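Everything below belongs to protein-v5.pdb, which stores PDB, C-alpha atoms and all ligand atoms.
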```pdb
ATOM      1  CA  MET G   1       0.000   0.000   0.000  1.00  0.00           C
ATOM      2  CA  GLN G   2       1.236   3.488  -0.808  1.00  0.00           C
ATOM      3  CA  GLU G   3       2.366   5.682   2.031  1.00  0.00           C
ATOM      4  CA  ASN G   4       0.177   8.512   0.830  1.00  0.00           C
ATOM      5  CA  LYS G   5      -3.093   6.950  -0.170  1.00  0.00           C
ATOM      6  CA  TYR G   6      -4.873   8.347  -3.167  1.00  0.00           C
ATOM      7  CA  ASN G   7      -8.348   9.475  -2.325  1.00  0.00           C
ATOM      8  CA  ILE G   8     -11.259   8.485  -4.554  1.00  0.00           C
ATOM      9  CA  LEU G   9     -14.822   9.766  -4.458  1.00  0.00           C
ATOM     10  CA  LEU G  10     -17.181   6.969  -5.450  1.00  0.00           C
ATOM     11  CA  VAL G  11     -20.536   8.253  -6.686  1.00  0.00           C
ATOM     12  CA  GLU G  12     -22.869   5.319  -7.303  1.00  0.00           C
ATOM     13  CA  ASP G  13     -26.415   4.776  -6.031  1.00  0.00           C
ATOM     14  CA  GLU G  14     -26.697   1.033  -6.680  1.00  0.00           C
ATOM     15  CA  GLU G  15     -25.723  -0.353  -3.306  1.00  0.00           C
ATOM     16  CA  ASN G  16     -24.365  -3.732  -4.389  1.00  0.00           C
ATOM     17  CA  LEU G  17     -22.202  -2.233  -7.100  1.00  0.00           C
ATOM     18  CA  HIS G  18     -21.126   0.542  -4.766  1.00  0.00           C
ATOM     19  CA  GLU G  19     -19.961  -1.878  -2.076  1.00  0.00           C
ATOM     20  CA  THR G  20     -18.186  -4.124  -4.577  1.00  0.00           C
ATOM     21  CA  LEU G  21     -16.332  -1.198  -6.087  1.00  0.00           C
ATOM     22  CA  LYS G  22     -15.489   0.242  -2.690  1.00  0.00           C
ATOM     23  CA  LEU G  23     -14.116  -3.041  -1.426  1.00  0.00           C
ATOM     24  CA  ASN G  24     -11.961  -3.563  -4.496  1.00  0.00           C
ATOM     25  CA  LEU G  25     -10.644   0.002  -4.545  1.00  0.00           C
ATOM     26  CA  LYS G  26      -9.713  -0.335  -0.872  1.00  0.00           C
ATOM     27  CA  LEU G  27      -7.951  -3.614  -1.601  1.00  0.00           C
ATOM     28  CA  GLU G  28      -5.902  -1.704  -4.177  1.00  0.00           C
ATOM     29  CA  GLY G  29      -4.881   0.711  -1.422  1.00  0.00           C
ATOM     30  CA  TYR G  30      -7.095   3.665  -2.246  1.00  0.00           C
ATOM     31  CA  GLY G  31      -8.959   5.765   0.267  1.00  0.00           C
ATOM     32  CA  VAL G  32     -12.649   5.776  -0.699  1.00  0.00           C
ATOM     33  CA  THR G  33     -15.334   8.322   0.145  1.00  0.00           C
ATOM     34  CA  SER G  34     -18.896   7.239  -0.658  1.00  0.00           C
ATOM     35  CA  ALA G  35     -21.687   9.291  -2.180  1.00  0.00           C
ATOM     36  CA  PHE G  36     -25.051   7.749  -3.087  1.00  0.00           C
ATOM     37  CA  THR G  37     -26.758  10.881  -4.388  1.00  0.00           C
ATOM     38  CA  GLY G  38     -25.823  13.774  -6.625  1.00  0.00           C
ATOM     39  CA  SER G  39     -26.040  16.347  -3.880  1.00  0.00           C
ATOM     40  CA  ALA G  40     -23.878  14.258  -1.522  1.00  0.00           C
ATOM     41  CA  ALA G  41     -21.292  14.078  -4.311  1.00  0.00           C
ATOM     42  CA  LEU G  42     -21.264  17.845  -4.788  1.00  0.00           C
ATOM     43  CA  LYS G  43     -20.959  18.413  -1.054  1.00  0.00           C
ATOM     44  CA  ALA G  44     -18.017  16.011  -0.818  1.00  0.00           C
ATOM     45  CA  VAL G  45     -16.229  17.726  -3.713  1.00  0.00           C
ATOM     46  CA  GLN G  46     -16.545  21.081  -1.984  1.00  0.00           C
ATOM     47  CA  GLU G  47     -15.186  19.757   1.284  1.00  0.00           C
ATOM     48  CA  GLU G  48     -12.441  17.355   0.374  1.00  0.00           C
ATOM     49  CA  TYR G  49      -9.613  16.855  -2.046  1.00  0.00           C
ATOM     50  CA  PHE G  50      -9.881  13.863  -4.363  1.00  0.00           C
ATOM     51  CA  ASP G  51      -7.381  12.334  -6.753  1.00  0.00           C
ATOM     52  CA  LEU G  52     -10.192  10.839  -8.832  1.00  0.00           C
ATOM     53  CA  ILE G  53     -13.975  10.668  -9.034  1.00  0.00           C
ATOM     54  CA  ILE G  54     -15.881   7.620 -10.242  1.00  0.00           C
ATOM     55  CA  MET G  55     -19.215   9.022 -11.329  1.00  0.00           C
ATOM     56  CA  ASP G  56     -22.394   7.150 -12.153  1.00  0.00           C
ATOM     57  CA  VAL G  57     -24.662   9.020 -14.599  1.00  0.00           C
ATOM     58  CA  MET G  58     -28.143   8.048 -13.391  1.00  0.00           C
ATOM     59  CA  LEU G  59     -28.347   9.304  -9.808  1.00  0.00           C
ATOM     60  CA  PRO G  60     -31.035  10.592  -7.454  1.00  0.00           C
ATOM     61  CA  GLU G  61     -31.372  14.390  -7.305  1.00  0.00           C
ATOM     62  CA  ILE G  62     -28.647  15.506  -9.700  1.00  0.00           C
ATOM     63  CA  ASP G  63     -27.276  13.405 -12.564  1.00  0.00           C
ATOM     64  CA  GLY G  64     -23.596  12.624 -12.943  1.00  0.00           C
ATOM     65  CA  ILE G  65     -23.130  14.686 -16.078  1.00  0.00           C
ATOM     66  CA  SER G  66     -24.511  17.829 -14.402  1.00  0.00           C
ATOM     67  CA  ILE G  67     -22.212  17.225 -11.431  1.00  0.00           C
ATOM     68  CA  THR G  68     -19.253  16.857 -13.769  1.00  0.00           C
ATOM     69  CA  GLU G  69     -20.145  20.146 -15.411  1.00  0.00           C
ATOM     70  CA  THR G  70     -20.488  21.890 -12.028  1.00  0.00           C
ATOM     71  CA  ILE G  71     -17.087  20.582 -10.927  1.00  0.00           C
ATOM     72  CA  ARG G  72     -15.411  21.861 -14.094  1.00  0.00           C
ATOM     73  CA  VAL G  73     -17.125  25.245 -13.897  1.00  0.00           C
ATOM     74  CA  SER G  74     -15.647  25.669 -10.418  1.00  0.00           C
ATOM     75  CA  ASP G  75     -12.193  25.205 -11.952  1.00  0.00           C
ATOM     76  CA  ASN G  76     -11.549  21.817 -10.381  1.00  0.00           C
ATOM     77  CA  ASP G  77      -9.424  19.557 -12.618  1.00  0.00           C
ATOM     78  CA  VAL G  78      -9.896  16.324 -10.690  1.00  0.00           C
ATOM     79  CA  PRO G  79      -9.938  13.329 -13.077  1.00  0.00           C
ATOM     80  CA  ILE G  80     -13.481  12.018 -13.583  1.00  0.00           C
ATOM     81  CA  LEU G  81     -14.349   8.531 -14.791  1.00  0.00           C
ATOM     82  CA  ILE G  82     -17.987   8.248 -15.800  1.00  0.00           C
ATOM     83  CA  LEU G  83     -20.021   5.061 -15.398  1.00  0.00           C
ATOM     84  CA  SER G  84     -23.249   4.625 -17.256  1.00  0.00           C
ATOM     85  CA  ALA G  85     -25.837   1.954 -17.774  1.00  0.00           C
ATOM     86  CA  LYS G  86     -26.838   3.536 -21.014  1.00  0.00           C
ATOM     87  CA  ASN G  87     -25.191   2.130 -24.033  1.00  0.00           C
ATOM     88  CA  SER G  88     -25.976   5.173 -26.096  1.00  0.00           C
ATOM     89  CA  GLY G  89     -23.093   7.065 -27.543  1.00  0.00           C
ATOM     90  CA  ALA G  90     -24.893  10.349 -26.853  1.00  0.00           C
ATOM     91  CA  ASP G  91     -24.434   9.951 -23.114  1.00  0.00           C
ATOM     92  CA  LYS G  92     -20.770   9.214 -23.561  1.00  0.00           C
ATOM     93  CA  ILE G  93     -20.182  12.202 -25.804  1.00  0.00           C
ATOM     94  CA  LEU G  94     -22.105  14.525 -23.501  1.00  0.00           C
ATOM     95  CA  GLY G  95     -20.146  13.304 -20.474  1.00  0.00           C
ATOM     96  CA  LEU G  96     -16.834  13.820 -22.202  1.00  0.00           C
ATOM     97  CA  ARG G  97     -17.923  17.194 -23.533  1.00  0.00           C
ATOM     98  CA  LYS G  98     -18.875  18.336 -20.034  1.00  0.00           C
ATOM     99  CA  GLY G  99     -15.395  17.515 -18.829  1.00  0.00           C
ATOM    100  CA  ALA G 100     -15.152  13.817 -17.947  1.00  0.00           C
ATOM    101  CA  ASP G 101     -11.754  12.251 -18.636  1.00  0.00           C
ATOM    102  CA  ASP G 102     -12.826   8.700 -19.299  1.00  0.00           C
ATOM    103  CA  TYR G 103     -15.922   6.581 -19.676  1.00  0.00           C
ATOM    104  CA  LEU G 104     -17.061   3.019 -18.937  1.00  0.00           C
ATOM    105  CA  THR G 105     -20.403   1.457 -19.861  1.00  0.00           C
ATOM    106  CA  LYS G 106     -22.062  -0.938 -17.429  1.00  0.00           C
ATOM    107  CA  PRO G 107     -21.639  -3.805 -17.088  1.00  0.00           C
ATOM    108  CA  PHE G 108     -17.887  -3.405 -17.099  1.00  0.00           C
ATOM    109  CA  ASN G 109     -14.949  -5.565 -16.231  1.00  0.00           C
ATOM    110  CA  LEU G 110     -13.655  -4.769 -12.750  1.00  0.00           C
ATOM    111  CA  GLU G 111     -10.043  -5.179 -13.758  1.00  0.00           C
ATOM    112  CA  GLU G 112     -10.512  -2.747 -16.603  1.00  0.00           C
ATOM    113  CA  LEU G 113     -11.997  -0.194 -14.223  1.00  0.00           C
ATOM    114  CA  LEU G 114      -9.096  -0.563 -11.789  1.00  0.00           C
ATOM    115  CA  LEU G 115      -6.606  -0.163 -14.631  1.00  0.00           C
ATOM    116  CA  ARG G 116      -8.299   2.987 -15.885  1.00  0.00           C
ATOM    117  CA  VAL G 117      -8.407   4.397 -12.357  1.00  0.00           C
ATOM    118  CA  GLU G 118      -4.691   3.784 -11.942  1.00  0.00           C
ATOM    119  CA  LYS G 119      -3.890   5.344 -15.310  1.00  0.00           C
ATOM    120  CA  LEU G 120      -5.979   8.457 -14.710  1.00  0.00           C
ATOM    121  CA  ILE G 121      -4.464   9.083 -11.288  1.00  0.00           C
ATOM    122  CA  ASP G 122      -0.960   8.500 -12.611  1.00  0.00           C
ATOM    123  CA  LYS G 123      -1.451  10.828 -15.564  1.00  0.00           C
ATOM    124  CA  ASN G 124      -2.830  13.559 -13.325  1.00  0.00           C
ATOM    125  CA  ARG G 125      -0.002  13.204 -10.808  1.00  0.00           C
ATOM    126  CA  LYS G 126       2.610  13.553 -13.573  1.00  0.00           C
ATOM    127  CA  LEU G 127       0.811  16.605 -14.919  1.00  0.00           C
ATOM    128  CA  GLN G 128       0.797  18.221 -11.478  1.00  0.00           C
ATOM    129  CA  GLU G 129       4.506  17.511 -11.049  1.00  0.00           C
ATOM    130  CA  LYS G 130       5.280  19.145 -14.382  1.00  0.00           C
ATOM    131  CA  GLN G 131       3.372  22.260 -13.414  1.00  0.00           C
ATOM    132  CA  THR G 132       5.188  22.778 -10.142  1.00  0.00           C
ATOM    133  CA  ILE G 133       7.961  25.322  -9.889  1.00  0.00           C
ATOM    134  CA  ALA G 134      11.563  24.789  -8.849  1.00  0.00           C
ATOM    135  CA  ASN G 135      12.568  24.061  -5.278  1.00  0.00           C
ATOM    136  CA  THR G 136      13.536  27.626  -4.517  1.00  0.00           C
ATOM    137  CA  TYR G 137      11.973  30.950  -5.403  1.00  0.00           C
ATOM    138  CA  SER G 138      13.323  34.461  -4.864  1.00  0.00           C
ATOM    139  CA  PHE G 139      11.600  37.808  -4.842  1.00  0.00           C
ATOM    140  CA  ASN G 140      12.974  41.106  -3.516  1.00  0.00           C
ATOM    141  CA  ASN G 141      15.443  40.159  -0.799  1.00  0.00           C
ATOM    142  CA  TYR G 142      13.703  36.938   0.058  1.00  0.00           C
ATOM    143  CA  THR G 143      14.370  33.379  -0.911  1.00  0.00           C
ATOM    144  CA  ILE G 144      12.005  30.547  -0.174  1.00  0.00           C
ATOM    145  CA  ASP G 145      13.265  27.009  -0.130  1.00  0.00           C
ATOM    146  CA  PHE G 146      10.157  24.870  -0.521  1.00  0.00           C
ATOM    147  CA  LYS G 147      11.968  21.617   0.136  1.00  0.00           C
ATOM    148  CA  ALA G 148      13.747  22.774   3.285  1.00  0.00           C
ATOM    149  CA  GLN G 149      10.603  24.686   4.337  1.00  0.00           C
ATOM    150  CA  ILE G 150      12.481  27.870   5.119  1.00  0.00           C
ATOM    151  CA  ALA G 151      12.381  31.497   4.032  1.00  0.00           C
ATOM    152  CA  ILE G 152      15.607  33.486   4.058  1.00  0.00           C
ATOM    153  CA  THR G 153      15.389  37.235   4.406  1.00  0.00           C
ATOM    154  CA  ASN G 154      18.019  39.917   4.992  1.00  0.00           C
ATOM    155  CA  GLU G 155      17.868  39.551   8.724  1.00  0.00           C
ATOM    156  CA  LYS G 156      16.767  36.050   9.389  1.00  0.00           C
ATOM    157  CA  LYS G 157      15.887  32.533   8.463  1.00  0.00           C
ATOM    158  CA  ILE G 158      12.228  31.692   9.029  1.00  0.00           C
ATOM    159  CA  ALA G 159      11.124  28.125   9.551  1.00  0.00           C
ATOM    160  CA  LEU G 160       7.869  27.558   7.682  1.00  0.00           C
ATOM    161  CA  SER G 161       5.246  25.010   8.601  1.00  0.00           C
ATOM    162  CA  LYS G 162       4.267  22.432   6.014  1.00  0.00           C
ATOM    163  CA  LYS G 163       0.964  24.195   5.313  1.00  0.00           C
ATOM    164  CA  GLU G 164       2.650  27.596   5.075  1.00  0.00           C
ATOM    165  CA  THR G 165       5.045  26.149   2.523  1.00  0.00           C
ATOM    166  CA  MET G 166       2.218  24.592   0.523  1.00  0.00           C
ATOM    167  CA  LEU G 167       0.193  27.791   0.509  1.00  0.00           C
ATOM    168  CA  LEU G 168       3.202  29.916  -0.457  1.00  0.00           C
ATOM    169  CA  LYS G 169       3.976  27.553  -3.285  1.00  0.00           C
ATOM    170  CA  LEU G 170       0.417  27.593  -4.545  1.00  0.00           C
ATOM    171  CA  LEU G 171       0.238  31.393  -4.511  1.00  0.00           C
ATOM    172  CA  ILE G 172       3.642  31.793  -6.144  1.00  0.00           C
ATOM    173  CA  GLU G 173       2.844  29.260  -8.855  1.00  0.00           C
ATOM    174  CA  ASN G 174      -0.145  31.431  -9.697  1.00  0.00           C
ATOM    175  CA  GLU G 175       1.730  34.718  -9.517  1.00  0.00           C
ATOM    176  CA  GLY G 176      -0.479  37.635 -10.565  1.00  0.00           C
ATOM    177  CA  LYS G 177      -3.632  35.515 -10.548  1.00  0.00           C
ATOM    178  CA  VAL G 178      -6.308  35.219  -7.898  1.00  0.00           C
ATOM    179  CA  VAL G 179      -6.316  31.822  -6.224  1.00  0.00           C
ATOM    180  CA  THR G 180      -9.794  31.028  -4.915  1.00  0.00           C
ATOM    181  CA  ARG G 181     -10.474  29.852  -1.372  1.00  0.00           C
ATOM    182  CA  GLU G 182     -11.827  26.592  -2.778  1.00  0.00           C
ATOM    183  CA  LYS G 183      -8.592  25.940  -4.617  1.00  0.00           C
ATOM    184  CA  ILE G 184      -6.545  26.723  -1.500  1.00  0.00           C
ATOM    185  CA  LEU G 185      -8.682  24.395   0.588  1.00  0.00           C
ATOM    186  CA  GLN G 186      -8.387  21.703  -2.029  1.00  0.00           C
ATOM    187  CA  VAL G 187      -4.624  21.900  -2.444  1.00  0.00           C
ATOM    188  CA  VAL G 188      -3.401  22.853   1.021  1.00  0.00           C
ATOM    189  CA  TRP G 189      -5.908  21.342   3.426  1.00  0.00           C
ATOM    190  CA  GLY G 190      -7.549  18.584   1.423  1.00  0.00           C
ATOM    191  CA  TYR G 191      -8.661  15.389   3.083  1.00  0.00           C
ATOM    192  CA  ASN G 192     -11.708  15.938   5.249  1.00  0.00           C
ATOM    193  CA  VAL G 193     -10.447  19.062   7.005  1.00  0.00           C
ATOM    194  CA  TYR G 194     -12.420  22.191   6.349  1.00  0.00           C
ATOM    195  CA  PRO G 195     -10.785  25.233   7.935  1.00  0.00           C
ATOM    196  CA  THR G 196     -12.611  28.524   8.264  1.00  0.00           C
ATOM    197  CA  THR G 197     -11.873  31.581   6.192  1.00  0.00           C
ATOM    198  CA  ARG G 198     -10.058  32.961   9.191  1.00  0.00           C
ATOM    199  CA  THR G 199      -7.542  30.130   9.032  1.00  0.00           C
ATOM    200  CA  ILE G 200      -6.431  31.160   5.550  1.00  0.00           C
ATOM    201  CA  ASP G 201      -6.470  34.825   6.601  1.00  0.00           C
ATOM    202  CA  ASN G 202      -4.123  34.023   9.474  1.00  0.00           C
ATOM    203  CA  PHE G 203      -1.678  32.395   7.087  1.00  0.00           C
ATOM    204  CA  ILE G 204      -1.759  35.462   4.842  1.00  0.00           C
ATOM    205  CA  LEU G 205      -1.155  37.682   7.891  1.00  0.00           C
ATOM    206  CA  SER G 206       1.918  35.592   8.739  1.00  0.00           C
ATOM    207  CA  PHE G 207       3.228  35.928   5.188  1.00  0.00           C
ATOM    208  CA  ARG G 208       2.829  39.679   5.400  1.00  0.00           C
ATOM    209  CA  LYS G 209       4.740  39.719   8.668  1.00  0.00           C
ATOM    210  CA  TYR G 210       7.532  37.693   7.102  1.00  0.00           C
ATOM    211  CA  PHE G 211       7.781  39.384   3.738  1.00  0.00           C
ATOM    212  CA  GLU G 212       6.148  42.804   3.676  1.00  0.00           C
ATOM    213  CA  VAL G 213       7.921  46.038   4.589  1.00  0.00           C
ATOM    214  CA  ASP G 214       4.593  47.446   5.756  1.00  0.00           C
ATOM    215  CA  SER G 215       2.193  44.628   6.555  1.00  0.00           C
ATOM    216  CA  ARG G 216      -0.777  47.009   6.471  1.00  0.00           C
ATOM    217  CA  ASN G 217       0.044  48.042   2.961  1.00  0.00           C
ATOM    218  CA  PRO G 218       0.959  44.728   1.338  1.00  0.00           C
ATOM    219  CA  GLN G 219       2.851  44.723  -1.948  1.00  0.00           C
ATOM    220  CA  HIS G 220       3.066  40.959  -2.397  1.00  0.00           C
ATOM    221  CA  PHE G 221       0.273  39.153  -0.560  1.00  0.00           C
ATOM    222  CA  HIS G 222      -3.119  40.520  -1.496  1.00  0.00           C
ATOM    223  CA  SER G 223      -6.617  39.613  -0.330  1.00  0.00           C
ATOM    224  CA  VAL G 224      -9.154  39.980  -3.098  1.00  0.00           C
ATOM    225  CA  ARG G 225     -12.528  40.492  -1.499  1.00  0.00           C
ATOM    226  CA  GLY G 226     -15.044  37.773  -2.267  1.00  0.00           C
ATOM    227  CA  ALA G 227     -12.612  35.982  -4.548  1.00  0.00           C
ATOM    228  CA  GLY G 228      -9.458  34.771  -2.826  1.00  0.00           C
ATOM    229  CA  TYR G 229      -5.799  35.679  -2.604  1.00  0.00           C
ATOM    230  CA  LYS G 230      -3.099  36.821  -4.967  1.00  0.00           C
ATOM    231  CA  PHE G 231       0.684  36.975  -4.911  1.00  0.00           C
ATOM    232  CA  THR G 232       2.553  39.569  -6.932  1.00  0.00           C
ATOM    233  CA  LYS G 233       6.325  39.752  -7.199  1.00  0.00           C
TER     234      LYS G 233
HETATM  235 CA    CA C   1     -27.415   4.771 -10.995  1.00  0.00          CA
END
```
Would you mind giving the structure from this file in structure tokens?
Ligand code: CA
Amino acid sequence: MQENKYNILLVEDEENLHETLKLNLKLEGYGVTSAFTGSAALKAVQEEYFDLIIMDVMLPEIDGISITETIRVSDNDVPILILSAKNSGADKILGLRKGADDYLTKPFNLEELLLRVEKLIDKNRKLQEKQTIANTYSFNNYTIDFKAQIAITNEKKIALSKKETMLLKLLIENEGKVVTREKILQVVWGYNVYPTTRTIDNFILSFRKYFEVDSRNPQHFHSVRGAGYKFTK
């Protein structure tokens, strides 16, 4: 089993199939969160970070294709594998058009599903690695070493917590762009923990203390009301 388990959201309302899939995914070493309705799926996506979503199409309340569309509209790139009982190509095309990454028609071969899951997660992980910046980043008189989790300024060396380092990295990778609260929660907090807005604010206040000449008049770490946070060099 991997040290850091990949987390999968399983959205499927047929109980027998749900339990079979869950059991087999767990046997493969994945963490599995269950959703049996469309609204439960949407709630889970807003509260937790997932490495993959397995999404049934025909669901109570909200269908899987609408959920997929909602997830993509909120700028979440989580890989989505759609499951459908329908054999019609229209459903498949619509699902893919709304942002699904892959598609399986029921009944499917379990081994094939597990293989596709593995491939999608692997592809996404490689993509994320490619997008990440180098191990160190400098601006003004500051250097941040993401690996060592320290910031070096003119006067001192600041030890950063793991979450501080992750948040700094996320903001710096998106230099000049607003990073939404949802994205921050997804990337930095993830897994089941849902901090309040104040938690993120406190991190930003720390960054200002570390890196701003005048923390009340920030030049680098900006709060954008109603939207999120932005780093500028
Ligand atoms: Ca169903």
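Here CA of Lys98 (chain G) stands at a distance of 10.3 Å from CA of Gly64 (chain G).
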Report as JSON lines: every residue of chain G with an atom at most 10 Å from ligand CA 1 (chain C), its closest pair of atoms, and their distance in Å to one decimal, counting all atoms listed in the file, with rows sorted by chain and ascending residue number.
```
{"residue": "G:Val11", "atom": "CA", "partner": "C:CA1", "partner_atom": "CA", "distance": 8.8}
{"residue": "G:Glu12", "atom": "CA", "partner": "C:CA1", "partner_atom": "CA", "distance": 5.9}
{"residue": "G:Asp13", "atom": "CA", "partner": "C:CA1", "partner_atom": "CA", "distance": 5.1}
{"residue": "G:Glu14", "atom": "CA", "partner": "C:CA1", "partner_atom": "CA", "distance": 5.8}
{"residue": "G:Glu15", "atom": "CA", "partner": "C:CA1", "partner_atom": "CA", "distance": 9.4}
{"residue": "G:Leu17", "atom": "CA", "partner": "C:CA1", "partner_atom": "CA", "distance": 9.6}
{"residue": "G:His18", "atom": "CA", "partner": "C:CA1", "partner_atom": "CA", "distance": 9.8}
{"residue": "G:Phe36", "atom": "CA", "partner": "C:CA1", "partner_atom": "CA", "distance": 8.8}
{"residue": "G:Thr37", "atom": "CA", "partner": "C:CA1", "partner_atom": "CA", "distance": 9.0}
{"residue": "G:Met55", "atom": "CA", "partner": "C:CA1", "partner_atom": "CA", "distance": 9.2}
{"residue": "G:Asp56", "atom": "CA", "partner": "C:CA1", "partner_atom": "CA", "distance": 5.7}
{"residue": "G:Val57", "atom": "CA", "partner": "C:CA1", "partner_atom": "CA", "distance": 6.2}
{"residue": "G:Met58", "atom": "CA", "partner": "C:CA1", "partner_atom": "CA", "distance": 4.1}
{"residue": "G:Leu59", "atom": "CA", "partner": "C:CA1", "partner_atom": "CA", "distance": 4.8}
{"residue": "G:Pro60", "atom": "CA", "partner": "C:CA1", "partner_atom": "CA", "distance": 7.7}
{"residue": "G:Asp63", "atom": "CA", "partner": "C:CA1", "partner_atom": "CA", "distance": 8.8}
{"residue": "G:Gly64", "atom": "CA", "partner": "C:CA1", "partner_atom": "CA", "distance": 8.9}
{"residue": "G:Leu83", "atom": "CA", "partner": "C:CA1", "partner_atom": "CA", "distance": 8.6}
{"residue": "G:Ser84", "atom": "CA", "partner": "C:CA1", "partner_atom": "CA", "distance": 7.5}
{"residue": "G:Ala85", "atom": "CA", "partner": "C:CA1", "partner_atom": "CA", "distance": 7.5}
```
**Request:** I would like the residues chosen by the PyMOL selection byres (((chain G and resi 117) around 12) and not hetatm) on the shown file; could you give them as a ChimeraX atom specification?
**Result:** /G:6-10,21,24-25,28,30,51-55,79-82,101-104,110-116,118-124
Based on the selection just made, write C-alpha atoms of those residues as a JSON list (two decimals), in the coordinates of the input.
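Dumped everything to selection35.json:
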```json
[["chain", "number", "residue", "atom", "x", "y", "z"],
["G", 6, "TYR", "CA", -4.87, 8.35, -3.17],
["G", 7, "ASN", "CA", -8.35, 9.48, -2.33],
["G", 8, "ILE", "CA", -11.26, 8.48, -4.55],
["G", 9, "LEU", "CA", -14.82, 9.77, -4.46],
["G", 10, "LEU", "CA", -17.18, 6.97, -5.45],
["G", 21, "LEU", "CA", -16.33, -1.20, -6.09],
["G", 24, "ASN", "CA", -11.96, -3.56, -4.50],
["G", 25, "LEU", "CA", -10.64, 0.00, -4.54],
["G", 28, "GLU", "CA", -5.90, -1.70, -4.18],
["G", 30, "TYR", "CA", -7.10, 3.66, -2.25],
["G", 51, "ASP", "CA", -7.38, 12.33, -6.75],
["G", 52, "LEU", "CA", -10.19, 10.84, -8.83],
["G", 53, "ILE", "CA", -13.98, 10.67, -9.03],
["G", 54, "ILE", "CA", -15.88, 7.62, -10.24],
["G", 55, "MET", "CA", -19.22, 9.02, -11.33],
["G", 79, "PRO", "CA", -9.94, 13.33, -13.08],
["G", 80, "ILE", "CA", -13.48, 12.02, -13.58],
["G", 81, "LEU", "CA", -14.35, 8.53, -14.79],
["G", 82, "ILE", "CA", -17.99, 8.25, -15.80],
["G", 101, "ASP", "CA", -11.75, 12.25, -18.64],
["G", 102, "ASP", "CA", -12.83, 8.70, -19.30],
["G", 103, "TYR", "CA", -15.92, 6.58, -19.68],
["G", 104, "LEU", "CA", -17.06, 3.02, -18.94],
["G", 110, "LEU", "CA", -13.66, -4.77, -12.75],
["G", 111, "GLU", "CA", -10.04, -5.18, -13.76],
["G", 112, "GLU", "CA", -10.51, -2.75, -16.60],
["G", 113, "LEU", "CA", -12.00, -0.19, -14.22],
["G", 114, "LEU", "CA", -9.10, -0.56, -11.79],
["G", 115, "LEU", "CA", -6.61, -0.16, -14.63],
["G", 116, "ARG", "CA", -8.30, 2.99, -15.88],
["G", 118, "GLU", "CA", -4.69, 3.78, -11.94],
["G", 119, "LYS", "CA", -3.89, 5.34, -15.31],
["G", 120, "LEU", "CA", -5.98, 8.46, -14.71],
["G", 121, "ILE", "CA", -4.46, 9.08, -11.29],
["G", 122, "ASP", "CA", -0.96, 8.50, -12.61],
["G", 123, "LYS", "CA", -1.45, 10.83, -15.56],
["G", 124, "ASN", "CA", -2.83, 13.56, -13.32]]
```
**Message:** Neighbouring residues of Lys162 (chain G) were defined as those with any atom within 12 Å, considering all atoms listed in the file; residues of the same chain fewer than 4 positions away were excluded. Please report them as JSON, numbers by chain.
**Reply:** {"G": [145, 146, 147, 148, 149, 150, 166, 167, 168, 169, 188, 189, 203]}
Just give me the residues with any atom within 12 Å of (-21.3, 16.7, -1.8), file coordinates, counting only C-alpha atoms, written as a short mmCIF file (atom, residue, chain, number, x, y, z; two decimals) with C-alpha atoms, in the coordinates of the input.
```
data_model
loop_
_atom_site.label_atom_id
_atom_site.label_comp_id
_atom_site.auth_asym_id
_atom_site.auth_seq_id
_atom_site.Cartn_x
_atom_site.Cartn_y
_atom_site.Cartn_z
CA LEU G 9 -14.82 9.77 -4.46
CA LEU G 10 -17.18 6.97 -5.45
CA VAL G 11 -20.54 8.25 -6.69
CA THR G 33 -15.33 8.32 0.14
CA SER G 34 -18.90 7.24 -0.66
CA ALA G 35 -21.69 9.29 -2.18
CA PHE G 36 -25.05 7.75 -3.09
CA THR G 37 -26.76 10.88 -4.39
CA GLY G 38 -25.82 13.77 -6.62
CA SER G 39 -26.04 16.35 -3.88
CA ALA G 40 -23.88 14.26 -1.52
CA ALA G 41 -21.29 14.08 -4.31
CA LEU G 42 -21.26 17.84 -4.79
CA LYS G 43 -20.96 18.41 -1.05
CA ALA G 44 -18.02 16.01 -0.82
CA VAL G 45 -16.23 17.73 -3.71
CA GLN G 46 -16.55 21.08 -1.98
CA GLU G 47 -15.19 19.76 1.28
CA GLU G 48 -12.44 17.36 0.37
CA TYR G 49 -9.61 16.86 -2.05
CA ILE G 53 -13.98 10.67 -9.03
CA GLU G 61 -31.37 14.39 -7.30
CA ILE G 62 -28.65 15.51 -9.70
CA ILE G 67 -22.21 17.23 -11.43
CA THR G 70 -20.49 21.89 -12.03
CA ILE G 71 -17.09 20.58 -10.93
CA ASN G 192 -11.71 15.94 5.25
#
```
**Request:** Check the smallest atom-to-atom distance from each of G:Ser74, G:Ser215, G:Gln128, G:Thr165 to Ile144 (chain G) using only C-alpha atoms, then report the winner.
**Result:** G:Thr165
**Prompt:** Of the candidates G:Asn135, G:Thr153, G:Asn140, G:Ser206, which one gets nearest to Glu173 (chain G) if we count only C-alpha atoms?
**Reply:** G:Asn135
**Pick from G:Asn174, G:Asn109, G:Asn141, G:Thr197, whichever lies nearest to Phe211 (chain G) using all atoms listed in the file** = G:Asn141
**Straight-line distance linking CA of Val224 (chain G) with CA of Gly190 (chain G), stated in Å to one decimal** =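 CA of Gly190 (chain G) lies at a distance of 21.9 Å from CA of Val224 (chain G).
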**Prompt:** So which residues touch Lys177 (chain G) within 10 Å, counting all atoms listed in the file, skipping near sequence neighbours fewer than 3 positions away, as a PyMOL selection string?
**Reply:** chain G and resi 171-174+180+228-232
**Prompt:** When you draw a straight line from CA of Leu96 (chain G) to CA of Ser66 (chain G), how long is it in Å?
**Reply:** 11.7 Å
**Evaluate the PyMOL selection byres (((chain G and resi 181) around 10) and not hetatm) and report residues as a list in words** = Val178, Val179, Thr180, Glu182, Lys183, Ile184, Leu185, Gln186, Val187, Thr196, Thr197, Ile200, Gly226, Ala227, Gly228 and Tyr229 of chain G
Axis-aligned box for all listed atoms of region 110-120 of chain G, 4 Å per side, centre and edges in Å to one decimal, as AutoDock Vina command-line options:
```
--center_x -8.8 --center_y 1.6 --center_z -14.2 --size_x 17.8 --size_y 21.6 --size_z 12.8
```
